[in-house]
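Engineer: Pasting coords-v5.pdb here (PDB, C-alpha atoms):
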ATOM      1  CA  MET A 397      -9.515  11.914   3.212
ATOM      2  CA  THR A 398      -7.847  15.215   2.392
ATOM      3  CA  LEU A 399      -4.720  16.560   3.999
ATOM      4  CA  ASP A 400      -6.765  19.188   5.841
ATOM      5  CA  GLU A 401      -9.122  16.518   7.168
ATOM      6  CA  ALA A 402      -6.201  14.368   8.323
ATOM      7  CA  LEU A 403      -4.550  17.280  10.108
ATOM      8  CA  ALA A 404      -7.864  18.179  11.753
ATOM      9  CA  ALA A 405      -8.186  14.595  13.015
ATOM     10  CA  LEU A 406      -4.680  14.727  14.477
ATOM     11  CA  ARG A 407      -5.221  18.125  16.087
ATOM     12  CA  ALA A 408      -8.535  16.991  17.594
ATOM     13  CA  GLN A 409      -6.549  14.712  19.913
ATOM     14  CA  ALA A 410      -3.790  17.204  20.729
ATOM     15  CA  ASP A 411      -2.475  17.318  24.297
ATOM     16  CA  PRO A 412      -0.380  20.471  24.896
ATOM     17  CA  ASP A 413       1.158  19.191  28.125
ATOM     18  CA  ARG A 414       2.216  15.936  26.531
ATOM     19  CA  ALA A 415       3.462  17.851  23.489
ATOM     20  CA  ALA A 416       5.784  19.938  25.656
ATOM     21  CA  GLY A 417       7.281  16.798  27.128
ATOM     22  CA  MET A 418       7.732  15.251  23.697
ATOM     23  CA  ARG A 419       9.517  18.345  22.425
ATOM     24  CA  ALA A 420      11.920  18.212  25.367
ATOM     25  CA  TYR A 421      12.537  14.496  24.853
ATOM     26  CA  HIS A 422      12.982  14.399  21.080
ATOM     27  CA  LYS A 423      14.818  17.749  20.922
ATOM     28  CA  ALA A 424      14.158  18.287  17.203
ATOM     29  CA  ASP A 425      12.697  21.723  16.514
ATOM     30  CA  ARG A 426       9.249  21.010  15.064
ATOM     31  CA  VAL A 427       5.590  21.096  16.071
ATOM     32  CA  TYR A 428       4.444  18.337  18.441
ATOM     33  CA  LEU A 429       0.753  17.752  19.040
ATOM     34  CA  GLY A 430       1.116  15.366  21.962
ATOM     35  CA  LEU A 431      -0.658  12.290  20.569
ATOM     36  CA  SER A 432       0.176   8.804  21.787
ATOM     37  CA  ASN A 433       1.673   6.339  19.328
ATOM     38  CA  THR A 434      -1.522   4.296  19.593
ATOM     39  CA  ALA A 435      -3.658   7.262  18.596
ATOM     40  CA  VAL A 436      -1.506   8.003  15.543
ATOM     41  CA  THR A 437      -1.464   4.325  14.560
ATOM     42  CA  ASP A 438      -5.242   4.072  14.810
ATOM     43  CA  LEU A 439      -5.768   7.119  12.594
ATOM     44  CA  ALA A 440      -3.188   6.010  10.027
ATOM     45  CA  THR A 441      -4.712   2.525   9.897
ATOM     46  CA  GLU A 442      -8.154   4.009   9.304
ATOM     47  CA  TRP A 443      -6.838   6.154   6.457
ATOM     48  CA  ARG A 444      -4.842   3.283   4.969
ATOM     49  CA  ARG A 445      -7.923   1.096   4.775
ATOM     50  CA  ALA A 446     -10.062   3.837   3.280
ATOM     51  CA  LEU A 447      -7.722   5.099   0.560
ATOM     52  CA  GLY A 448      -6.270   3.680  -2.611
ATOM     53  CA  LEU A 449      -2.518   3.706  -3.104
ATOM     54  CA  PRO A 450      -2.309   6.938  -5.159
ATOM     55  CA  GLU A 451      -4.374   8.773  -2.535
ATOM     56  CA  ARG A 452      -2.233   7.378   0.261
ATOM     57  CA  VAL A 453       0.958   8.478  -1.443
ATOM     58  CA  ALA A 454      -0.436  11.987  -1.906
ATOM     59  CA  LEU A 455      -1.602  12.137   1.719
ATOM     60  CA  ALA A 456       1.706  10.799   3.030
ATOM     61  CA  ARG A 457       3.691  13.406   1.121
ATOM     62  CA  GLY A 458       1.385  16.151   2.331
ATOM     63  CA  LEU A 459       1.647  15.012   5.942
ATOM     64  CA  TRP A 460       5.420  14.802   5.647
ATOM     65  CA  GLU A 461       5.741  18.318   4.281
ATOM     66  CA  THR A 462       3.977  19.780   7.345
ATOM     67  CA  ASP A 463       6.972  18.709   9.486
ATOM     68  CA  ILE A 464       4.553  18.057  12.370
ATOM     69  CA  PHE A 465       5.915  15.166  14.432
ATOM     70  CA  GLU A 466       2.730  13.095  14.484
ATOM     71  CA  ALA A 467       2.016  13.850  10.835
ATOM     72  CA  ARG A 468       5.396  12.443   9.819
ATOM     73  CA  ILE A 469       4.837   9.363  11.965
ATOM     74  CA  ALA A 470       1.450   8.857  10.295
ATOM     75  CA  ALA A 471       2.992   9.294   6.843
ATOM     76  CA  GLY A 472       5.151   6.236   7.398
ATOM     77  CA  LYS A 473       2.372   4.209   8.963
ATOM     78  CA  LEU A 474       0.175   4.625   5.880
ATOM     79  CA  PHE A 475       2.205   1.854   4.200
ATOM     80  CA  VAL A 476       2.576  -0.706   7.001
ATOM     81  CA  GLN A 477       1.137  -3.803   5.347
ATOM     82  CA  ALA A 478       2.614  -7.006   4.006
ATOM     83  CA  ARG A 479       1.265  -6.753   0.465
ATOM     84  CA  ILE A 480       0.360  -3.809  -1.710
ATOM     85  CA  ARG A 481      -1.160  -4.864  -5.006
ATOM     86  CA  PRO A 482      -0.673  -4.656  -7.885
ATOM     87  CA  ASP A 483       2.584  -2.709  -7.492
ATOM     88  CA  ASP A 484       4.080  -1.232  -4.346
ATOM     89  CA  GLY A 485       6.616   0.838  -6.286
ATOM     90  CA  PRO A 486       4.905   4.175  -5.560
ATOM     91  CA  ALA A 487       4.851   3.368  -1.829
ATOM     92  CA  TRP A 488       8.533   2.431  -1.902
ATOM     93  CA  ASP A 489       9.470   5.585  -3.770
ATOM     94  CA  CYS A 490       7.497   7.667  -1.283
ATOM     95  CA  LEU A 491       9.124   6.048   1.758
ATOM     96  CA  THR A 492      12.658   6.231   0.430
ATOM     97  CA  GLY A 493      12.037   9.843  -0.528
ATOM     98  CA  PHE A 494      11.554  10.621   3.151
ATOM     99  CA  VAL A 495      14.938   9.209   4.210
ATOM    100  CA  PRO A 496      17.102  12.267   3.423
ATOM    101  CA  ASP A 497      14.900  14.309   5.786
ATOM    102  CA  PHE A 498      15.374  11.975   8.766
ATOM    103  CA  ASP A 499      16.518  13.760  11.911
ATOM    104  CA  SER A 500      14.677  11.805  14.629
ATOM    105  CA  TRP A 501      14.894   8.142  15.569
ATOM    106  CA  ALA A 502      11.140   7.958  16.239
ATOM    107  CA  ILE A 503      10.230   9.286  12.804
ATOM    108  CA  ALA A 504      12.942   7.222  11.135
ATOM    109  CA  ASP A 505      11.677   4.048  12.789
ATOM    110  CA  ALA A 506       8.047   4.742  11.848
ATOM    111  CA  VAL A 507       9.067   5.008   8.204
ATOM    112  CA  ALA A 508      11.406   2.018   8.500
ATOM    113  CA  GLN A 509       8.578  -0.137   9.846
ATOM    114  CA  ALA A 510       6.825   0.343   6.516
ATOM    115  CA  GLY A 511      10.080   0.142   4.562
ATOM    116  CA  GLN A 512      10.804  -3.272   6.062
ATOM    117  CA  LYS A 513       7.524  -4.574   4.662
ATOM    118  CA  ARG A 514       8.463  -3.324   1.220
ATOM    119  CA  VAL A 515      11.946  -4.881   1.383
ATOM    120  CA  ALA A 516      10.495  -8.194   2.555
ATOM    121  CA  ALA A 517       8.056  -8.076  -0.354
ATOM    122  CA  ARG A 518      10.848  -7.412  -2.845
ATOM    123  CA  PRO A 519      14.288  -8.469  -1.521
ATOM    124  CA  ALA A 520      15.998  -7.177  -4.676
ATOM    125  CA  ARG A 521      15.632  -3.735  -3.097
ATOM    126  CA  LEU A 522      18.772  -4.563  -1.139
ATOM    127  CA  ASP A 523      20.603  -3.515  -4.302
ATOM    128  CA  GLU A 524      19.245  -0.001  -3.868
ATOM    129  CA  ILE A 525      19.711   0.105  -0.108
ATOM    130  CA  GLU A 526      23.345  -0.946  -0.253
ATOM    131  CA  GLY A 527      24.431   2.364  -1.753
ATOM    132  CA  ARG A 528      23.085   4.200   1.273
ATOM    133  CA  THR A 529      25.537   2.553   3.656
ATOM    134  CA  THR A 530      28.220   5.020   2.555
ATOM    135  CA  SER A 531      26.044   8.142   2.695
ATOM    136  CA  ASP A 532      27.356  11.267   4.424
ATOM    137  CA  HIS A 533      23.943  11.503   6.099
ATOM    138  CA  MET A 534      24.070   9.464   9.312
ATOM    139  CA  TRP A 535      20.347   8.721   9.309
ATOM    140  CA  THR A 536      20.585   7.329   5.780
ATOM    141  CA  ARG A 537      23.370   4.934   6.810
ATOM    142  CA  ARG A 538      21.287   3.849   9.789
ATOM    143  CA  ALA A 539      18.179   3.399   7.637
ATOM    144  CA  ALA A 540      20.003   0.958   5.371
ATOM    145  CA  LEU A 541      20.374  -1.453   8.275
ATOM    146  CA  VAL A 542      16.978  -0.869   9.841
ATOM    147  CA  PHE A 543      15.134  -1.348   6.541
ATOM    148  CA  ALA A 544      16.928  -4.714   6.182
ATOM    149  CA  LEU A 545      15.883  -6.114   9.579
ATOM    150  CA  PRO A 546      13.368  -8.599   8.078
ATOM    151  CA  PHE A 547      16.285 -10.830   7.121
ATOM    152  CA  THR A 548      17.064 -11.488  10.792
ATOM    153  CA  LYS A 549      13.677 -13.065  11.489
ATOM    154  CA  SER A 550      13.615 -16.590  10.051
ATOM    155  CA  ARG A 551      14.895 -19.542  12.060
ATOM    156  CA  HIS A 552      15.054 -21.650   8.889
ATOM    157  CA  PRO A 553      16.087 -19.204   6.156
ATOM    158  CA  ARG A 554      15.941 -20.028   2.486
ATOM    159  CA  PRO A 555      19.228 -19.892   0.555
ATOM    160  CA  ASP A 556      18.402 -16.395  -0.718
ATOM    161  CA  GLU A 557      17.689 -15.251   2.836
ATOM    162  CA  GLU A 558      21.008 -16.662   3.994
ATOM    163  CA  ALA A 559      22.697 -14.746   1.189
ATOM    164  CA  ALA A 560      20.877 -11.591   2.293
ATOM    165  CA  ARG A 561      22.103 -12.097   5.859
ATOM    166  CA  ASP A 562      25.684 -12.390   4.702
ATOM    167  CA  ARG A 563      25.267  -9.323   2.529
ATOM    168  CA  VAL A 564      23.851  -7.146   5.306
ATOM    169  CA  LEU A 565      26.456  -8.431   7.752
ATOM    170  CA  GLY A 566      28.977  -7.104   5.247
ATOM    171  CA  TRP A 567      27.348  -3.702   5.616
ATOM    172  CA  CYS A 568      27.507  -4.077   9.386
ATOM    173  CA  ALA A 569      31.197  -4.866   9.108
ATOM    174  CA  SER A 570      31.793  -1.720   7.059
ATOM    175  CA  LEU A 571      29.967   0.309   9.731
ATOM    176  CA  ALA A 572      31.311  -1.475  12.809
ATOM    177  CA  ASP A 573      33.581   1.427  13.720
ATOM    178  CA  ASP A 574      31.240   4.183  12.536
ATOM    179  CA  PRO A 575      31.693   7.119  14.936
ATOM    180  CA  ASP A 576      27.999   7.898  15.248
ATOM    181  CA  ARG A 577      26.110   6.420  18.186
ATOM    182  CA  PHE A 578      22.927   5.808  16.220
ATOM    183  CA  VAL A 579      24.763   3.820  13.559
ATOM    184  CA  GLN A 580      26.529   1.807  16.246
ATOM    185  CA  LYS A 581      23.119   1.080  17.759
ATOM    186  CA  ALA A 582      21.803  -0.049  14.367
ATOM    187  CA  VAL A 583      24.713  -2.471  13.901
ATOM    188  CA  ALA A 584      24.153  -3.826  17.407
ATOM    189  CA  TRP A 585      20.409  -4.078  16.761
ATOM    190  CA  TRP A 586      20.929  -6.069  13.560
ATOM    191  CA  VAL A 587      23.388  -8.529  15.110
ATOM    192  CA  ARG A 588      21.351  -8.866  18.316
ATOM    193  CA  ASP A 589      18.147  -9.685  16.426
ATOM    194  CA  LEU A 590      20.010 -12.099  14.162
ATOM    195  CA  SER A 591      21.496 -13.899  17.174
ATOM    196  CA  ARG A 592      18.049 -15.067  18.248
ATOM    197  CA  LYS A 593      17.627 -17.118  15.056
ATOM    198  CA  ASP A 594      21.167 -17.559  13.718
ATOM    199  CA  GLU A 595      23.622 -17.750  16.593
ATOM    200  CA  ALA A 596      26.483 -18.976  14.417
ATOM    201  CA  ARG A 597      26.458 -15.999  12.065
ATOM    202  CA  ALA A 598      26.044 -13.480  14.878
ATOM    203  CA  ARG A 599      28.863 -14.994  16.886
ATOM    204  CA  ALA A 600      31.153 -15.155  13.846
ATOM    205  CA  PHE A 601      30.477 -11.489  13.124
ATOM    206  CA  LEU A 602      31.370 -10.436  16.652
ATOM    207  CA  GLU A 603      34.523 -12.544  16.660
ATOM    208  CA  ALA A 604      35.635 -10.909  13.415
ATOM    209  CA  HIS A 605      34.446  -7.328  13.956
ATOM    210  CA  GLY A 606      33.310  -6.880  17.550
ATOM    211  CA  ALA A 607      36.600  -5.327  18.630
ATOM    212  CA  ARG A 608      35.951  -2.411  16.258
ATOM    213  CA  MET A 609      32.575  -1.641  17.822
ATOM    214  CA  LYS A 610      32.039   0.567  20.837
ATOM    215  CA  PRO A 611      32.081  -1.620  23.978
ATOM    216  CA  TRP A 612      28.452  -0.818  24.804
ATOM    217  CA  ALA A 613      27.368  -1.655  21.244
ATOM    218  CA  ARG A 614      29.289  -4.930  21.256
ATOM    219  CA  LYS A 615      27.661  -5.843  24.566
ATOM    220  CA  GLU A 616      24.201  -5.061  23.186
ATOM    221  CA  ALA A 617      24.861  -7.096  20.032
ATOM    222  CA  ALA A 618      25.807 -10.125  22.172
ATOM    223  CA  ARG A 619      22.969  -9.737  24.676
ATOM    224  CA  HIS A 620      21.118 -12.895  23.582
ATOM    225  CA  LEU A 621      24.165 -15.049  22.877
ATOM    226  CA  PRO A 622      24.955 -17.760  25.430
ATOM    227  CA  ALA A 623      28.137 -17.027  27.356
TER
END
Could I get this file's structure written as structure tokens?

Structural biologist:
Amino acid sequence: MTLDEALAALRAQADPDRAAGMRAYHKADRVYLGLSNTAVTDLATEWRRALGLPERVALARGLWETDIFEARIAAGKLFVQARIRPDDGPAWDCLTGFVPDFDSWAIADAVAQAGQKRVAARPARLDEIEGRTTSDHMWTRRAALVFALPFTKSRHPRPDEEAARDRVLGWCASLADDPDRFVQKAVAWWVRDLSRKDEARARAFLEAHGARMKPWARKEAARHLPA
């Protein structure tokens, strides 16, 4: 699968009317083809299964450089799998290399979906992510939290997972009064998801730091907590 072949496959399903609506909704100035998320996922899954890791990395970087909306979504989706053997380092480097270019929540979340798999596979990557919480780039600060969402999932966490929760909640505390709406949403998202499996930690966080959050973000973070 070459870059030209991948782009041809994306363009074959283009919908100009849908593309116009997507451009108006997402507001970022780039080319939109008008594909559904399902269509992009299906193509990316097909390519992922057909290509080895070096070929996927090359294709992902090529798709990303086009700055076409669906191509960037597909670039992230090329690495959505629990295990990449023998070494997922090239995939991780590729995904994290995209982060400084983030300017759209949809693209950021497509990449983060794959990034979460890589963090879950190697939790020590929190060491690298932590430095991004103080970035001047809002999307990089947001990505630090979204990449770390796997640690909200377990109802019976191991000791290392509990430590990871406390560590990321420390990041949330440092960002609780961040002025940017998208970062506020990421803090709320992290605490809200955690509250489903670890009510005590989520409630303690909100008691300690909730007053610093925007009221709407605090409300969202507490949405699943019993009154």

Engineer: What's the 12 Å shell around range 515-531 of chain A, counting only C-alpha atoms, without same-chain residues fewer than 4 positions away, as an mmCIF file with C-alpha atoms, in the frame of the given file?

Structural biologist:
data_model
loop_
_atom_site.group_PDB
_atom_site.id
_atom_site.type_symbol
_atom_site.label_atom_id
_atom_site.label_comp_id
_atom_site.auth_asym_id
_atom_site.auth_seq_id
_atom_site.Cartn_x
_atom_site.Cartn_y
_atom_site.Cartn_z
ATOM 1 C CA VAL A 476 2.576 -0.706 7.001
ATOM 2 C CA GLN A 477 1.137 -3.803 5.347
ATOM 3 C CA ALA A 478 2.614 -7.006 4.006
ATOM 4 C CA ARG A 479 1.265 -6.753 0.465
ATOM 5 C CA ILE A 480 0.360 -3.809 -1.710
ATOM 6 C CA ARG A 481 -1.160 -4.864 -5.006
ATOM 7 C CA ASP A 483 2.584 -2.709 -7.492
ATOM 8 C CA ASP A 484 4.080 -1.232 -4.346
ATOM 9 C CA GLY A 485 6.616 0.838 -6.286
ATOM 10 C CA ALA A 487 4.851 3.368 -1.829
ATOM 11 C CA TRP A 488 8.533 2.431 -1.902
ATOM 12 C CA ASP A 489 9.470 5.585 -3.770
ATOM 13 C CA LEU A 491 9.124 6.048 1.758
ATOM 14 C CA THR A 492 12.658 6.231 0.430
ATOM 15 C CA VAL A 495 14.938 9.209 4.210
ATOM 16 C CA PRO A 496 17.102 12.267 3.423
ATOM 17 C CA ALA A 508 11.406 2.018 8.500
ATOM 18 C CA GLN A 509 8.578 -0.137 9.846
ATOM 19 C CA ALA A 510 6.825 0.343 6.516
ATOM 20 C CA GLY A 511 10.080 0.142 4.562
ATOM 21 C CA TRP A 535 20.347 8.721 9.309
ATOM 22 C CA THR A 536 20.585 7.329 5.780
ATOM 23 C CA ARG A 537 23.370 4.934 6.810
ATOM 24 C CA ARG A 538 21.287 3.849 9.789
ATOM 25 C CA ALA A 539 18.179 3.399 7.637
ATOM 26 C CA ALA A 540 20.003 0.958 5.371
ATOM 27 C CA LEU A 541 20.374 -1.453 8.275
ATOM 28 C CA VAL A 542 16.978 -0.869 9.841
ATOM 29 C CA PHE A 543 15.134 -1.348 6.541
ATOM 30 C CA ALA A 544 16.928 -4.714 6.182
ATOM 31 C CA LEU A 545 15.883 -6.114 9.579
ATOM 32 C CA PRO A 546 13.368 -8.599 8.078
ATOM 33 C CA PHE A 547 16.285 -10.830 7.121
ATOM 34 C CA THR A 548 17.064 -11.488 10.792
ATOM 35 C CA LYS A 549 13.677 -13.065 11.489
ATOM 36 C CA SER A 550 13.615 -16.590 10.051
ATOM 37 C CA ASP A 556 18.402 -16.395 -0.718
ATOM 38 C CA GLU A 557 17.689 -15.251 2.836
ATOM 39 C CA GLU A 558 21.008 -16.662 3.994
ATOM 40 C CA ALA A 559 22.697 -14.746 1.189
ATOM 41 C CA ALA A 560 20.877 -11.591 2.293
ATOM 42 C CA ARG A 561 22.103 -12.097 5.859
ATOM 43 C CA ASP A 562 25.684 -12.390 4.702
ATOM 44 C CA ARG A 563 25.267 -9.323 2.529
ATOM 45 C CA VAL A 564 23.851 -7.146 5.306
ATOM 46 C CA LEU A 565 26.456 -8.431 7.752
ATOM 47 C CA GLY A 566 28.977 -7.104 5.247
ATOM 48 C CA TRP A 567 27.348 -3.702 5.616
ATOM 49 C CA CYS A 568 27.507 -4.077 9.386
ATOM 50 C CA ALA A 569 31.197 -4.866 9.108
ATOM 51 C CA SER A 570 31.793 -1.720 7.059
ATOM 52 C CA LEU A 571 29.967 0.309 9.731
ATOM 53 C CA ALA A 572 31.311 -1.475 12.809
ATOM 54 C CA ASP A 574 31.240 4.183 12.536
ATOM 55 C CA VAL A 579 24.763 3.820 13.559
ATOM 56 C CA ALA A 582 21.803 -0.049 14.367
ATOM 57 C CA VAL A 583 24.713 -2.471 13.901
#

Engineer: Evaluating the PyMOL selection byres ((chain A and resi 451-462) around 10) on the displayed file yields which residues, as a PyMOL selection string?

Structural biologist: chain A and resi 397-400+402-403+426-427+440+443-450+463-475+486-491+493-494+497

Engineer: Just so the selection is clear, what residues does the PyMOL selection byres ((chain A and resi 552) around 9) cover here, as a list in words?

Structural biologist: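 Applied to this file, the PyMOL selection byres ((chain A and resi 552) around 9) returns Ser550, Arg551, Pro553, Arg554, Lys593 and Asp594 of chain A.
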
Engineer: Go ahead and write the selection's residues with C-alpha atoms as a short mmCIF file (atom, residue, chain, number, x, y, z; two decimals), in the frame of the given file.

Structural biologist:
data_model
loop_
_atom_site.label_atom_id
_atom_site.label_comp_id
_atom_site.auth_asym_id
_atom_site.auth_seq_id
_atom_site.Cartn_x
_atom_site.Cartn_y
_atom_site.Cartn_z
CA SER A 550 13.62 -16.59 10.05
CA ARG A 551 14.90 -19.54 12.06
CA PRO A 553 16.09 -19.20 6.16
CA ARG A 554 15.94 -20.03 2.49
CA LYS A 593 17.63 -17.12 15.06
CA ASP A 594 21.17 -17.56 13.72
#

Engineer: Around the point (23.4, -4.1, 18.9) in the file's coordinates, collect all residues with an atom within 8 Å, using all atoms listed in the file, and return them as a PDB file with C-alpha atoms, in the coordinates of the input.

Structural biologist:
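Below is the file point29.pdb, written as the result:
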ATOM      1  CA  GLN A 580      26.529   1.807  16.246  1.00  0.00           C
ATOM      2  CA  LYS A 581      23.119   1.080  17.759  1.00  0.00           C
ATOM      3  CA  ALA A 582      21.803  -0.049  14.367  1.00  0.00           C
ATOM      4  CA  VAL A 583      24.713  -2.471  13.901  1.00  0.00           C
ATOM      5  CA  ALA A 584      24.153  -3.826  17.407  1.00  0.00           C
ATOM      6  CA  TRP A 585      20.409  -4.078  16.761  1.00  0.00           C
ATOM      7  CA  TRP A 586      20.929  -6.069  13.560  1.00  0.00           C
ATOM      8  CA  VAL A 587      23.388  -8.529  15.110  1.00  0.00           C
ATOM      9  CA  ARG A 588      21.351  -8.866  18.316  1.00  0.00           C
ATOM     10  CA  ALA A 613      27.368  -1.655  21.244  1.00  0.00           C
ATOM     11  CA  ARG A 614      29.289  -4.930  21.256  1.00  0.00           C
ATOM     12  CA  LYS A 615      27.661  -5.843  24.566  1.00  0.00           C
ATOM     13  CA  GLU A 616      24.201  -5.061  23.186  1.00  0.00           C
ATOM     14  CA  ALA A 617      24.861  -7.096  20.032  1.00  0.00           C
ATOM     15  CA  ALA A 618      25.807 -10.125  22.172  1.00  0.00           C
TER      16      ALA A 618
END

Engineer: Just the number, please: distance in Å from CA of Lys423 in chain A to CA of Ala408 in chain A, one decimal.

Structural biologist: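 Going from CA of Lys423 in chain A over to CA of Ala408 in chain A, I get 23.6 Å.
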
Engineer: What is the CA of Met609 in chain A to CA of Asp573 in chain A distance in Å?

Structural biologist: 5.2 Å

Engineer: Please give the centre and size of the box around range 507-518 of chain A (axis-aligned, containing every atom listed in the file, 8 Å added per side), with values in Å to one decimal and written as JSON.

Structural biologist:
{"center_x": 9.4, "center_y": -1.6, "center_z": 3.5, "size_x": 21.1, "size_y": 29.2, "size_z": 28.7}

Engineer: Evaluate the PyMOL selection byres ((chain A and resi 422) around 10) on the structure here and hand back the selected residues as a PyMOL selection string.

Structural biologist: chain A and resi 417-421+423-426+428+465+499-502

Engineer: Can you work out the spacing between CA of Asp411 in chain A and CA of Leu439 in chain A in Å, to one decimal?

Structural biologist: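 For CA of Asp411 in chain A relative to CA of Leu439 in chain A, the distance reads 15.9 Å.
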